[in-house]
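run-v8.cif follows (mmCIF, C-alpha atoms):
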```cif
data_final
loop_
_atom_site.label_atom_id
_atom_site.label_comp_id
_atom_site.auth_asym_id
_atom_site.auth_seq_id
_atom_site.Cartn_x
_atom_site.Cartn_y
_atom_site.Cartn_z
CA GLY T 57 45.57 203.73 88.02
CA ALA T 58 42.88 201.33 86.97
CA VAL T 59 39.59 202.78 85.79
CA VAL T 60 36.17 201.66 86.96
CA SER T 61 33.34 203.13 84.96
CA GLN T 62 29.85 203.31 86.45
CA HIS T 63 26.68 204.30 84.62
CA PRO T 64 24.42 206.08 84.88
CA SER T 65 25.78 208.77 87.18
CA TRP T 66 22.28 209.77 88.18
CA VAL T 67 18.80 208.47 87.51
CA ILE T 68 15.31 209.58 88.44
CA CYS T 69 12.55 207.03 88.17
CA LYS T 70 8.97 206.49 89.17
CA SER T 71 8.06 204.26 92.06
CA GLY T 72 7.56 200.67 90.94
CA THR T 73 10.00 200.74 88.05
CA SER T 74 13.32 198.92 87.88
CA VAL T 75 16.68 200.56 87.43
CA LYS T 76 19.88 198.94 86.21
CA ILE T 77 23.30 200.27 87.18
CA GLU T 78 26.42 199.10 85.34
CA CYS T 79 29.93 198.86 86.68
CA ARG T 80 32.72 198.20 84.20
CA SER T 81 36.41 197.67 84.63
CA LEU T 82 37.87 199.40 81.58
CA ASP T 83 41.48 198.26 81.51
CA PHE T 84 41.60 195.20 83.72
CA GLN T 85 39.68 192.09 84.57
CA ALA T 86 37.80 192.13 87.83
CA THR T 87 36.88 188.77 89.26
CA THR T 88 35.42 190.46 92.33
CA MET T 89 33.35 193.60 92.53
CA PHE T 90 31.64 195.11 95.54
CA TRP T 91 28.44 197.12 95.66
CA TYR T 92 27.99 199.77 98.32
CA ARG T 93 25.14 202.04 99.27
CA GLN T 94 25.67 205.45 100.79
CA PHE T 95 23.01 207.65 102.36
CA PRO T 96 23.65 211.40 102.62
CA LYS T 97 26.39 212.21 105.11
CA GLN T 98 26.78 208.56 106.02
CA SER T 99 29.30 205.84 105.41
CA LEU T 100 29.54 203.29 102.63
CA MET T 101 27.56 200.22 103.56
CA LEU T 102 28.47 197.01 101.78
CA MET T 103 25.46 195.49 100.04
CA ALA T 104 26.95 192.52 98.26
CA THR T 105 30.06 190.96 96.84
CA SER T 106 29.84 190.07 93.19
CA ASN T 107 31.98 187.24 91.83
CA GLU T 108 32.30 186.57 88.13
CA GLY T 109 30.40 183.48 87.07
CA SER T 110 28.77 182.80 90.41
CA LYS T 111 25.97 184.09 92.59
CA ALA T 112 26.54 187.26 94.53
CA THR T 113 27.01 187.14 98.27
CA TYR T 114 24.65 189.52 100.02
CA GLU T 115 25.16 191.19 103.37
CA GLN T 116 22.70 190.59 106.15
CA GLY T 117 19.58 192.67 105.72
CA VAL T 118 19.99 193.22 101.97
CA GLU T 119 17.15 191.71 99.95
CA LYS T 120 18.63 189.72 97.09
CA ASP T 121 15.33 189.71 95.20
CA LYS T 122 15.20 193.46 95.49
CA PHE T 123 18.79 194.16 94.49
CA LEU T 124 19.69 191.80 91.66
CA ILE T 125 23.38 191.49 90.93
CA ASN T 126 24.80 189.92 87.81
CA HIS T 127 28.50 189.49 87.11
CA ALA T 128 28.44 187.67 83.81
CA SER T 129 31.86 188.75 82.56
CA LEU T 130 35.23 189.71 83.98
CA THR T 131 34.64 193.36 83.14
CA LEU T 132 30.99 193.96 83.94
CA SER T 133 28.80 193.74 87.01
CA THR T 134 25.26 195.08 87.12
CA LEU T 135 22.99 196.02 89.99
CA THR T 136 19.26 196.13 89.27
CA VAL T 137 17.00 197.78 91.79
CA THR T 138 13.67 196.09 91.19
CA SER T 139 10.32 197.75 91.87
CA ALA T 140 12.07 200.80 93.25
CA HIS T 141 10.48 202.80 96.05
CA PRO T 142 11.39 206.20 97.51
CA GLU T 143 13.28 204.55 100.36
CA ASP T 144 15.63 203.04 97.77
CA SER T 145 16.81 206.53 96.88
CA SER T 146 20.51 206.59 97.63
CA PHE T 147 24.00 206.84 96.21
CA TYR T 148 25.11 203.45 94.91
CA ILE T 149 28.77 202.86 94.23
CA CYS T 150 30.72 199.88 92.99
CA SER T 151 34.33 198.95 93.48
CA ALA T 152 36.57 196.42 91.81
CA ARG T 153 39.75 194.66 92.72
CA VAL T 154 42.59 194.79 90.25
CA GLY T 155 44.56 191.67 89.47
CA PRO T 156 44.23 188.02 90.28
CA ALA T 157 45.66 188.33 93.76
CA ALA T 158 42.29 189.38 95.19
CA THR T 159 43.86 192.04 97.34
CA ASN T 160 42.12 194.99 98.91
CA GLU T 161 45.28 196.97 98.28
CA LYS T 162 44.27 197.41 94.67
CA LEU T 163 40.67 198.48 95.01
CA PHE T 164 39.19 201.12 92.74
CA PHE T 165 35.79 202.75 92.92
CA GLY T 166 33.29 203.69 90.28
CA SER T 167 31.98 207.24 90.18
CA GLY T 168 28.70 206.30 91.79
CA THR T 169 25.04 206.50 90.81
CA GLN T 170 22.59 208.81 92.53
CA LEU T 171 19.19 207.16 92.41
CA SER T 172 16.09 209.22 93.14
CA VAL T 173 12.76 207.42 93.21
CA LEU T 174 9.70 209.62 93.00
CA GLY X 43 32.44 190.57 111.44
CA GLU X 44 34.56 193.67 111.51
CA ASN X 45 33.31 196.89 113.12
CA VAL X 46 35.07 200.20 112.54
CA GLU X 47 34.38 203.30 114.60
CA GLN X 48 35.59 206.72 113.51
CA HIS X 49 35.87 210.03 115.37
CA PRO X 50 35.19 212.88 115.14
CA SER X 51 32.26 213.07 112.76
CA THR X 52 33.09 216.68 111.90
CA LEU X 53 36.32 218.59 112.24
CA SER X 54 36.98 222.24 111.52
CA VAL X 55 40.52 223.60 111.49
CA GLN X 56 42.25 226.76 110.38
CA GLU X 57 44.38 226.63 107.28
CA GLY X 58 47.90 225.59 108.23
CA ASP X 59 46.84 223.71 111.35
CA SER X 60 46.98 219.94 111.74
CA ALA X 61 44.01 217.59 111.65
CA VAL X 62 43.79 214.19 113.30
CA ILE X 63 41.12 211.57 112.68
CA LYS X 64 40.96 208.41 114.75
CA CYS X 65 39.54 204.96 114.10
CA THR X 66 39.23 201.76 116.07
CA TYR X 67 38.55 198.29 114.74
CA SER X 68 37.29 195.13 116.36
CA ASP X 69 38.70 192.17 114.43
CA SER X 70 42.26 191.35 115.38
CA ALA X 71 42.61 189.45 112.08
CA SER X 72 42.39 192.69 110.10
CA ASN X 73 45.76 193.61 108.63
CA TYR X 74 45.06 196.31 106.08
CA PHE X 75 43.91 199.85 106.89
CA PRO X 76 43.32 202.32 104.07
CA TRP X 77 42.09 205.90 104.23
CA TYR X 78 39.87 207.38 101.57
CA LYS X 79 38.99 210.96 100.72
CA GLN X 80 35.58 211.63 99.21
CA GLU X 81 34.40 214.93 97.81
CA LEU X 82 30.68 215.57 97.51
CA GLY X 83 29.08 213.28 94.94
CA LYS X 84 32.42 211.83 93.89
CA ARG X 85 34.08 208.46 94.23
CA PRO X 86 36.29 207.72 97.23
CA GLN X 87 39.98 208.14 96.47
CA LEU X 88 42.65 206.21 98.33
CA ILE X 89 45.04 208.66 99.98
CA ILE X 90 47.18 206.41 102.14
CA ASP X 91 47.13 202.92 103.57
CA ILE X 92 49.04 200.89 106.11
CA ARG X 93 49.59 197.22 106.76
CA SER X 94 49.62 195.71 110.20
CA ASN X 95 53.34 194.97 110.13
CA VAL X 96 54.08 198.70 110.02
CA GLY X 97 53.49 201.22 112.81
CA GLU X 98 53.62 204.42 110.82
CA LYS X 99 53.61 205.54 107.22
CA LYS X 100 54.06 209.03 105.82
CA ASP X 101 53.42 210.61 102.45
CA GLN X 102 54.21 214.31 102.33
CA ARG X 103 51.63 216.06 104.54
CA ILE X 104 49.71 212.89 105.32
CA ALA X 105 50.66 210.23 107.82
CA VAL X 106 48.94 207.23 109.31
CA THR X 107 49.79 205.50 112.58
CA LEU X 108 48.68 202.08 113.70
CA ASN X 109 48.56 200.59 117.18
CA LYS X 110 47.84 196.94 116.59
CA THR X 111 47.67 196.07 120.27
CA ALA X 112 45.04 198.69 120.98
CA LYS X 113 43.37 198.14 117.60
CA HIS X 114 43.33 201.75 116.60
CA PHE X 115 44.78 203.80 113.78
CA SER X 116 44.87 207.50 113.01
CA LEU X 117 45.20 209.85 110.07
CA HIS X 118 47.30 212.96 110.50
CA ILE X 119 47.20 215.83 108.04
CA THR X 120 49.70 218.62 108.60
CA GLU X 121 49.72 222.13 107.16
CA THR X 122 46.10 221.76 106.09
CA GLN X 123 44.88 223.58 103.00
CA PRO X 124 41.34 224.46 101.88
CA GLU X 125 41.51 221.73 99.23
CA ASP X 126 41.86 219.19 102.02
CA SER X 127 38.20 219.87 102.86
CA ALA X 128 36.27 216.66 102.20
CA VAL X 129 34.91 213.60 103.94
CA TYR X 130 37.53 211.13 105.07
CA PHE X 131 36.80 207.45 105.65
CA CYS X 132 38.95 204.91 107.39
CA ALA X 133 38.52 201.25 106.59
CA ALA X 134 39.77 197.90 107.77
CA SER X 135 39.96 194.42 106.33
CA ILE X 136 42.18 191.53 105.59
CA LYS X 137 44.57 192.41 102.79
CA THR X 138 43.76 189.38 100.65
CA GLY X 139 40.86 187.02 100.41
CA ARG X 140 37.20 187.52 99.87
CA ARG X 141 36.44 189.92 102.67
CA ALA X 142 35.49 193.43 101.63
CA LEU X 143 36.56 196.61 103.33
CA THR X 144 34.54 197.75 106.33
CA PHE X 145 34.31 201.53 106.44
CA GLY X 146 34.15 203.90 109.35
CA SER X 147 31.33 206.43 109.56
CA GLY X 148 33.35 209.24 108.02
CA THR X 149 34.76 212.58 109.16
CA ARG X 150 33.78 215.80 107.46
CA LEU X 151 36.88 217.99 107.50
CA GLN X 152 36.47 221.69 106.90
CA VAL X 153 39.62 223.77 106.50
CA GLN X 154 38.91 227.44 107.07
CA PRO X 155 41.06 229.79 104.96
#
```
Rendering of file as C-alpha coordinates:
Amino acid sequence: GAVVSQHPSWVICKSGTSVKIECRSLDFQATTMFWYRQFPKQSLMLMATSNEGSKATYEQGVEKDKFLINHASLTLSTLTVTSAHPEDSSFYICSARVGPAATNEKLFFGSGTQLSVL
Amino acid sequence: GENVEQHPSTLSVQEGDSAVIKCTYSDSASNYFPWYKQELGKRPQLIIDIRSNVGEKKDQRIAVTLNKTAKHFSLHITETQPEDSAVYFCAASIKTGRRALTFGSGTRLQVQP
(Lines of atoms letter the chains of each structure in order from A and count residues from 1; the text may use other names and numbers.)
(Lines give C-alpha, C1' and ligand atoms only; values in the text may rest on other atoms or scores of the structure.)
Protein backbone atom coordinates (compact mmCIF):
# COMPACT_ATOMS: atom_id res chain seq x y z
CA GLY A 1 0.00 0.00 0.00
CA ALA A 2 0.85 3.66 -0.14
CA VAL A 3 3.24 5.02 2.47
CA VAL A 4 2.67 8.15 4.52
CA SER A 5 5.68 9.22 6.50
CA GLN A 6 5.26 11.45 9.54
CA HIS A 7 8.04 13.09 11.52
CA PRO A 8 8.96 13.41 14.24
CA SER A 9 7.40 10.41 15.97
CA TRP A 10 7.69 12.11 19.32
CA VAL A 11 8.75 15.51 20.55
CA ILE A 12 9.14 17.13 23.94
CA CYS A 13 9.25 20.90 24.06
CA LYS A 14 9.07 23.74 26.51
CA SER A 15 5.94 25.80 26.90
CA GLY A 16 5.91 28.75 24.52
CA THR A 17 7.96 27.16 21.77
CA SER A 18 6.69 26.12 18.35
CA VAL A 19 6.78 22.62 16.96
CA LYS A 20 6.56 21.58 13.32
CA ILE A 21 5.25 18.17 12.28
CA GLU A 22 5.76 16.91 8.73
CA CYS A 23 3.58 14.54 6.80
CA ARG A 24 4.92 13.19 3.51
CA SER A 25 3.43 10.93 0.91
CA LEU A 26 6.40 8.86 -0.22
CA ASP A 27 5.19 7.14 -3.36
CA PHE A 28 2.15 9.08 -4.46
CA GLN A 29 0.85 12.59 -4.79
CA ALA A 30 -1.64 13.69 -2.18
CA THR A 31 -3.80 16.64 -3.10
CA THR A 32 -5.68 16.29 0.18
CA MET A 33 -4.33 15.52 3.61
CA PHE A 34 -6.14 15.47 6.91
CA TRP A 35 -4.80 16.30 10.35
CA TYR A 36 -6.25 14.58 13.39
CA ARG A 37 -5.66 14.92 17.09
CA GLN A 38 -6.07 12.05 19.49
CA PHE A 39 -6.12 12.27 23.28
CA PRO A 40 -5.29 9.16 25.32
CA LYS A 41 -7.98 6.50 25.02
CA GLN A 42 -10.10 8.76 22.84
CA SER A 43 -11.07 8.95 19.21
CA LEU A 44 -9.42 10.75 16.32
CA MET A 45 -10.77 14.26 16.09
CA LEU A 46 -10.42 16.00 12.75
CA MET A 47 -8.57 19.30 13.09
CA ALA A 48 -8.29 20.45 9.51
CA THR A 49 -8.28 19.45 5.89
CA SER A 50 -5.19 20.44 3.99
CA ASN A 51 -5.41 21.02 0.25
CA GLU A 52 -2.33 21.49 -1.90
CA GLY A 53 -1.89 25.07 -3.00
CA SER A 54 -4.75 26.51 -0.99
CA LYS A 55 -5.61 27.43 2.57
CA ALA A 56 -6.50 24.68 4.97
CA THR A 57 -10.06 24.22 6.11
CA TYR A 58 -10.29 24.09 9.88
CA GLU A 59 -12.92 22.35 11.95
CA GLN A 60 -15.04 24.35 14.34
CA GLY A 61 -13.19 25.10 17.54
CA VAL A 62 -9.69 24.64 16.09
CA GLU A 63 -7.63 27.82 16.20
CA LYS A 64 -6.04 28.36 12.80
CA ASP A 65 -3.49 30.79 14.22
CA LYS A 66 -2.50 28.22 16.78
CA PHE A 67 -2.27 25.25 14.42
CA LEU A 68 -0.68 26.45 11.20
CA ILE A 69 -1.04 24.11 8.25
CA ASN A 70 0.93 24.41 5.06
CA HIS A 71 0.50 22.15 2.05
CA ALA A 72 2.93 23.68 -0.41
CA SER A 73 3.56 20.57 -2.51
CA LEU A 74 1.73 17.44 -3.56
CA THR A 75 3.83 15.32 -1.23
CA LEU A 76 4.22 17.42 1.90
CA SER A 77 1.90 18.94 4.46
CA THR A 78 3.12 20.47 7.71
CA LEU A 79 1.38 21.24 10.97
CA THR A 80 3.02 23.83 13.22
CA VAL A 81 1.83 24.10 16.79
CA THR A 82 2.66 27.68 17.69
CA SER A 83 3.42 28.82 21.23
CA ALA A 84 2.72 25.35 22.55
CA HIS A 85 1.21 24.89 26.00
CA PRO A 86 0.77 21.76 28.12
CA GLU A 87 -2.85 21.43 26.99
CA ASP A 88 -1.57 21.00 23.42
CA SER A 89 0.09 17.75 24.47
CA SER A 90 -1.51 15.06 22.36
CA PHE A 91 -1.02 12.50 19.61
CA TYR A 92 -1.21 14.20 16.22
CA ILE A 93 -1.72 12.08 13.14
CA CYS A 94 -2.04 12.89 9.47
CA SER A 95 -3.70 10.98 6.69
CA ALA A 96 -3.56 11.29 2.94
CA ARG A 97 -5.77 10.25 0.10
CA VAL A 98 -4.19 8.30 -2.71
CA GLY A 99 -4.99 9.17 -6.29
CA PRO A 100 -6.83 11.94 -8.04
CA ALA A 101 -10.26 10.51 -7.37
CA ALA A 102 -10.38 12.05 -3.90
CA THR A 103 -11.86 8.94 -2.39
CA ASN A 104 -11.90 7.98 1.25
CA GLU A 105 -11.47 4.40 0.13
CA LYS A 106 -7.78 5.00 -0.39
CA LEU A 107 -6.84 6.76 2.81
CA PHE A 108 -3.54 6.07 4.53
CA PHE A 109 -2.32 7.29 7.88
CA GLY A 110 1.03 8.54 9.05
CA SER A 111 2.60 6.95 12.11
CA GLY A 112 1.65 9.84 14.36
CA THR A 113 3.53 12.33 16.51
CA GLN A 114 3.33 12.31 20.29
CA LEU A 115 3.77 15.89 21.46
CA SER A 116 4.55 16.57 25.11
CA VAL A 117 4.73 20.18 26.22
CA LEU A 118 6.42 20.79 29.55
CA GLY B 1 -22.32 17.20 10.01
CA GLU B 2 -21.91 13.51 10.57
CA ASN B 3 -22.01 12.02 14.08
CA VAL B 4 -20.86 8.47 14.75
CA GLU B 5 -21.55 6.64 17.99
CA GLN B 6 -19.75 3.43 18.88
CA HIS B 7 -20.43 0.78 21.53
CA PRO B 8 -19.13 -0.75 23.68
CA SER B 9 -16.16 1.32 24.76
CA THR B 10 -14.41 -1.77 26.13
CA LEU B 11 -14.91 -5.42 25.33
CA SER B 12 -13.23 -8.42 26.88
CA VAL B 13 -13.65 -11.88 25.37
CA GLN B 14 -12.05 -15.27 25.75
CA GLU B 15 -9.81 -16.50 22.99
CA GLY B 16 -11.90 -18.29 20.39
CA ASP B 17 -15.08 -16.39 21.18
CA SER B 18 -16.70 -13.84 18.89
CA ALA B 19 -16.64 -10.09 19.35
CA VAL B 20 -19.19 -7.62 18.04
CA ILE B 21 -18.80 -3.85 17.91
CA LYS B 22 -21.68 -1.62 16.88
CA CYS B 23 -21.85 1.86 15.40
CA THR B 24 -24.60 4.23 14.40
CA TYR B 25 -24.36 7.24 12.13
CA SER B 26 -26.54 10.27 11.65
CA ASP B 27 -26.10 11.49 8.07
CA SER B 28 -28.13 9.51 5.58
CA ALA B 29 -25.83 10.79 2.81
CA SER B 30 -22.91 8.77 4.18
CA ASN B 31 -22.12 5.84 1.93
CA TYR B 32 -18.74 4.57 3.05
CA PHE B 33 -18.04 2.82 6.35
CA PRO B 34 -14.52 1.65 7.15
CA TRP B 35 -13.19 -0.03 10.27
CA TYR B 36 -9.72 0.64 11.59
CA LYS B 37 -7.56 -1.22 14.08
CA GLN B 38 -5.11 0.79 16.14
CA GLU B 39 -2.47 -0.63 18.42
CA LEU B 40 -1.04 1.54 21.18
CA GLY B 41 0.95 4.45 19.76
CA LYS B 42 0.60 3.18 16.21
CA ARG B 43 -1.22 4.38 13.13
CA PRO B 44 -4.76 3.17 12.42
CA GLN B 45 -4.86 0.32 9.92
CA LEU B 46 -7.85 -0.30 7.70
CA ILE B 47 -9.16 -3.81 8.32
CA ILE B 48 -12.40 -3.85 6.37
CA ASP B 49 -14.83 -1.43 4.78
CA ILE B 50 -18.28 -1.48 3.28
CA ARG B 51 -20.21 0.69 0.88
CA SER B 52 -23.85 1.54 1.31
CA ASN B 53 -24.95 -0.55 -1.65
CA VAL B 54 -23.83 -3.71 0.16
CA GLY B 55 -25.41 -5.24 3.26
CA GLU B 56 -22.58 -7.48 4.37
CA LYS B 57 -18.93 -8.06 3.62
CA LYS B 58 -16.64 -10.75 4.93
CA ASP B 59 -12.89 -11.23 4.98
CA GLN B 60 -11.78 -14.41 6.72
CA ARG B 61 -12.57 -13.95 10.43
CA ILE B 62 -13.83 -10.40 10.04
CA ALA B 63 -17.21 -9.33 8.76
CA VAL B 64 -19.12 -6.08 8.62
CA THR B 65 -22.87 -5.65 8.31
CA LEU B 66 -24.72 -2.51 7.36
CA ASN B 67 -28.35 -1.58 7.93
CA LYS B 68 -28.82 1.55 5.87
CA THR B 69 -32.41 2.07 6.94
CA ALA B 70 -31.55 2.03 10.62
CA LYS B 71 -28.23 3.79 10.00
CA HIS B 72 -26.12 1.32 11.89
CA PHE B 73 -23.25 -0.99 11.06
CA SER B 74 -21.37 -3.62 13.01
CA LEU B 75 -18.01 -5.35 13.06
CA HIS B 76 -17.92 -9.06 13.79
CA ILE B 77 -14.72 -10.88 14.66
CA THR B 78 -14.95 -14.65 14.97
CA GLU B 79 -12.50 -17.06 16.58
CA THR B 80 -10.74 -14.19 18.31
CA GLN B 81 -7.02 -14.43 19.00
CA PRO B 82 -4.82 -12.50 21.45
CA GLU B 83 -3.34 -10.53 18.55
CA ASP B 84 -6.79 -9.15 17.85
CA SER B 85 -6.42 -7.10 21.05
CA ALA B 86 -6.38 -3.44 20.06
CA VAL B 87 -8.62 -0.41 19.75
CA TYR B 88 -11.10 -0.57 16.92
CA PHE B 89 -12.64 2.52 15.34
CA CYS B 90 -15.60 2.70 13.02
CA ALA B 91 -15.95 5.64 10.69
CA ALA B 92 -18.44 7.06 8.24
CA SER B 93 -18.30 9.48 5.35
CA ILE B 94 -19.13 10.01 1.76
CA LYS B 95 -16.89 7.86 -0.41
CA THR B 96 -15.72 10.70 -2.65
CA GLY B 97 -15.54 14.43 -2.30
CA ARG B 98 -13.96 16.69 0.22
CA ARG B 99 -15.55 15.35 3.38
CA ALA B 100 -13.21 13.59 5.78
CA LEU B 101 -14.00 10.49 7.76
CA THR B 102 -15.86 10.93 11.04
CA PHE B 103 -14.67 8.41 13.60
CA GLY B 104 -16.50 6.68 16.38
CA SER B 105 -15.16 6.86 19.92
CA GLY B 106 -13.36 3.54 19.71
CA THR B 107 -13.66 0.12 21.34
CA ARG B 108 -10.82 -1.37 23.32
CA LEU B 109 -10.92 -5.12 22.64
CA GLN B 110 -9.07 -7.41 24.99
CA VAL B 111 -8.83 -11.07 24.04
CA GLN B 112 -7.97 -13.21 27.04
CA PRO B 113 -5.82 -16.26 26.23
Written as a ChimeraX atom specification, which residues does the PyMOL selection byres ((chain X and resi 84-87) around 12) give for the file shown?
/T:57,59-62,65-66,92,94,99-100,147-151,162-170 /X:76-83,88-91,128-133,145,148
May I ask for the distance between atom CA of T:Gln116 and atom CA of X:Glu47, given in Å to one decimal place?
19.2 Å
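Atom CA of T:Ser71 sits 6.9 Å away from atom CA of T:Ser139.
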List, as a PyMOL selection string, every residue that the PyMOL selection byres ((chain T and resi 134) around 10) selects in the file provided.
chain T and resi 62-63+76-80+89+91+106+123-128+132-133+135-137+150
Can you tell me, as a VMD selection string, what residues are no more than 8 Å from X:Asn95 when counting all atoms listed in the file, ignoring any on the same chain fewer than 2 positions away?
chain X and resid 73 93 97
I'd like the contact shell of X:Ile119 - 7 Å cut-off, only C-alpha atoms, skipping same-chain residues fewer than 6 positions apart - returned as a ChimeraX atom specification.
/X:60-62,103-105
Between atom CA of X:Ala142 and atom CA of X:His118, what is the distance, to one decimal in Å?
24.5 Å
So which one's closest to X:Pro155, X:Gln48, X:Lys99, X:Gln56, X:Ile92? Using only C-alpha atoms, please.
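Residue with the minimum atom-to-atom distance to X:Pro155: X:Gln56.
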Could you name the residues that touch X:Phe115 at 9 Å or less, counting all atoms listed in the file, but leaving out those on the same chain fewer than 6 positions away, as JSON, numbers by chain?
{"X": [63, 64, 65, 66, 67, 75, 106, 107, 108, 109, 132]}
Please enclose the listed atoms of stretch 43-51 of chain X in an axis-aligned box, pad each side by 6 Å, and write out the centre and the three edge lengths in Å, rounded to one decimal, as lines of an AutoDock Vina configuration file.
```
center_x = 34.1
center_y = 201.8
center_z = 113.4
size_x = 15.6
size_y = 34.5
size_z = 15.9
```
When you look at X:Lys137 with a cut-off of 6 Å (counting all atoms listed in the file), what residues show up, excluding the ones that are within fewer than 5 positions of it in the same chain? I need them as a list in words.
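Listing them by chain and then by number gives Thr159 and Asn160 of chain T; Tyr74 of chain X.
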Within 12 Å of (11.2, 202.3, 101.4), in the coordinates the file gives, what residues turn up when you count only C-alpha atoms, written out as a PDB file with C-alpha atoms, in the coordinates of the input?
```
ATOM      1  CA  SER T  71       8.060 204.260  92.060  1.00  0.00           C
ATOM      2  CA  GLY T  72       7.560 200.670  90.940  1.00  0.00           C
ATOM      3  CA  LYS T 122      15.200 193.460  95.490  1.00  0.00           C
ATOM      4  CA  SER T 139      10.320 197.750  91.870  1.00  0.00           C
ATOM      5  CA  ALA T 140      12.070 200.800  93.250  1.00  0.00           C
ATOM      6  CA  HIS T 141      10.480 202.800  96.050  1.00  0.00           C
ATOM      7  CA  PRO T 142      11.390 206.200  97.510  1.00  0.00           C
ATOM      8  CA  GLU T 143      13.280 204.550 100.360  1.00  0.00           C
ATOM      9  CA  ASP T 144      15.630 203.040  97.770  1.00  0.00           C
ATOM     10  CA  SER T 145      16.810 206.530  96.880  1.00  0.00           C
ATOM     11  CA  SER T 146      20.510 206.590  97.630  1.00  0.00           C
ATOM     12  CA  SER T 172      16.090 209.220  93.140  1.00  0.00           C
ATOM     13  CA  VAL T 173      12.760 207.420  93.210  1.00  0.00           C
ATOM     14  CA  LEU T 174       9.700 209.620  93.000  1.00  0.00           C
TER      15      LEU T 174
END
```
Picked residues, the PyMOL selection byres ((chain T and resi 112) around 10), expected as a PDB file with C-alpha atoms, in the coordinates of the input:
```pdb
ATOM      1  CA  THR T  88      35.420 190.460  92.330  1.00  0.00           C
ATOM      2  CA  MET T  89      33.350 193.600  92.530  1.00  0.00           C
ATOM      3  CA  PHE T  90      31.640 195.110  95.540  1.00  0.00           C
ATOM      4  CA  MET T 103      25.460 195.490 100.040  1.00  0.00           C
ATOM      5  CA  ALA T 104      26.950 192.520  98.260  1.00  0.00           C
ATOM      6  CA  THR T 105      30.060 190.960  96.840  1.00  0.00           C
ATOM      7  CA  SER T 106      29.840 190.070  93.190  1.00  0.00           C
ATOM      8  CA  ASN T 107      31.980 187.240  91.830  1.00  0.00           C
ATOM      9  CA  GLU T 108      32.300 186.570  88.130  1.00  0.00           C
ATOM     10  CA  GLY T 109      30.400 183.480  87.070  1.00  0.00           C
ATOM     11  CA  SER T 110      28.770 182.800  90.410  1.00  0.00           C
ATOM     12  CA  LYS T 111      25.970 184.090  92.590  1.00  0.00           C
ATOM     13  CA  THR T 113      27.010 187.140  98.270  1.00  0.00           C
ATOM     14  CA  TYR T 114      24.650 189.520 100.020  1.00  0.00           C
ATOM     15  CA  GLU T 115      25.160 191.190 103.370  1.00  0.00           C
ATOM     16  CA  LYS T 120      18.630 189.720  97.090  1.00  0.00           C
ATOM     17  CA  LEU T 124      19.690 191.800  91.660  1.00  0.00           C
ATOM     18  CA  ILE T 125      23.380 191.490  90.930  1.00  0.00           C
ATOM     19  CA  ASN T 126      24.800 189.920  87.810  1.00  0.00           C
ATOM     20  CA  HIS T 127      28.500 189.490  87.110  1.00  0.00           C
TER      21      HIS T 127
END
```
Using all atoms listed in the file, which of the listed residues (X:Ser116, X:Thr138, X:Gln154, X:Thr149) sits closest to T:Val154?
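Checking each of X:Ser116, X:Thr138, X:Gln154, X:Thr149 against T:Val154, counting all atoms listed in the file, the winner is X:Thr138.
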Tell me which protein, DNA and RNA residues are within 9 Å of X:Glu57, counting all atoms listed in the file, leaving out same-chain ones fewer than 2 positions away, and put them as a list of chain:residue names.
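Contacts, in chain order: X:Val55, X:Asp59, X:Ser60, X:Glu121, X:Thr122, X:Gln123, X:Pro124, X:Val153, X:Gln154, X:Pro155.
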Taking into account all atoms listed in the file, which residue in the set X:Gly139, X:Gly58, X:Glu98, X:Asp126 is nearest to X:Gln152?
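Smallest distance to X:Gln152 is found for X:Asp126.
Each of T:Lys70, T:Glu161, T:Leu130, T:Pro96 was compared to chain X using all atoms listed in the file, and T:Glu161 turns out to be the nearest.
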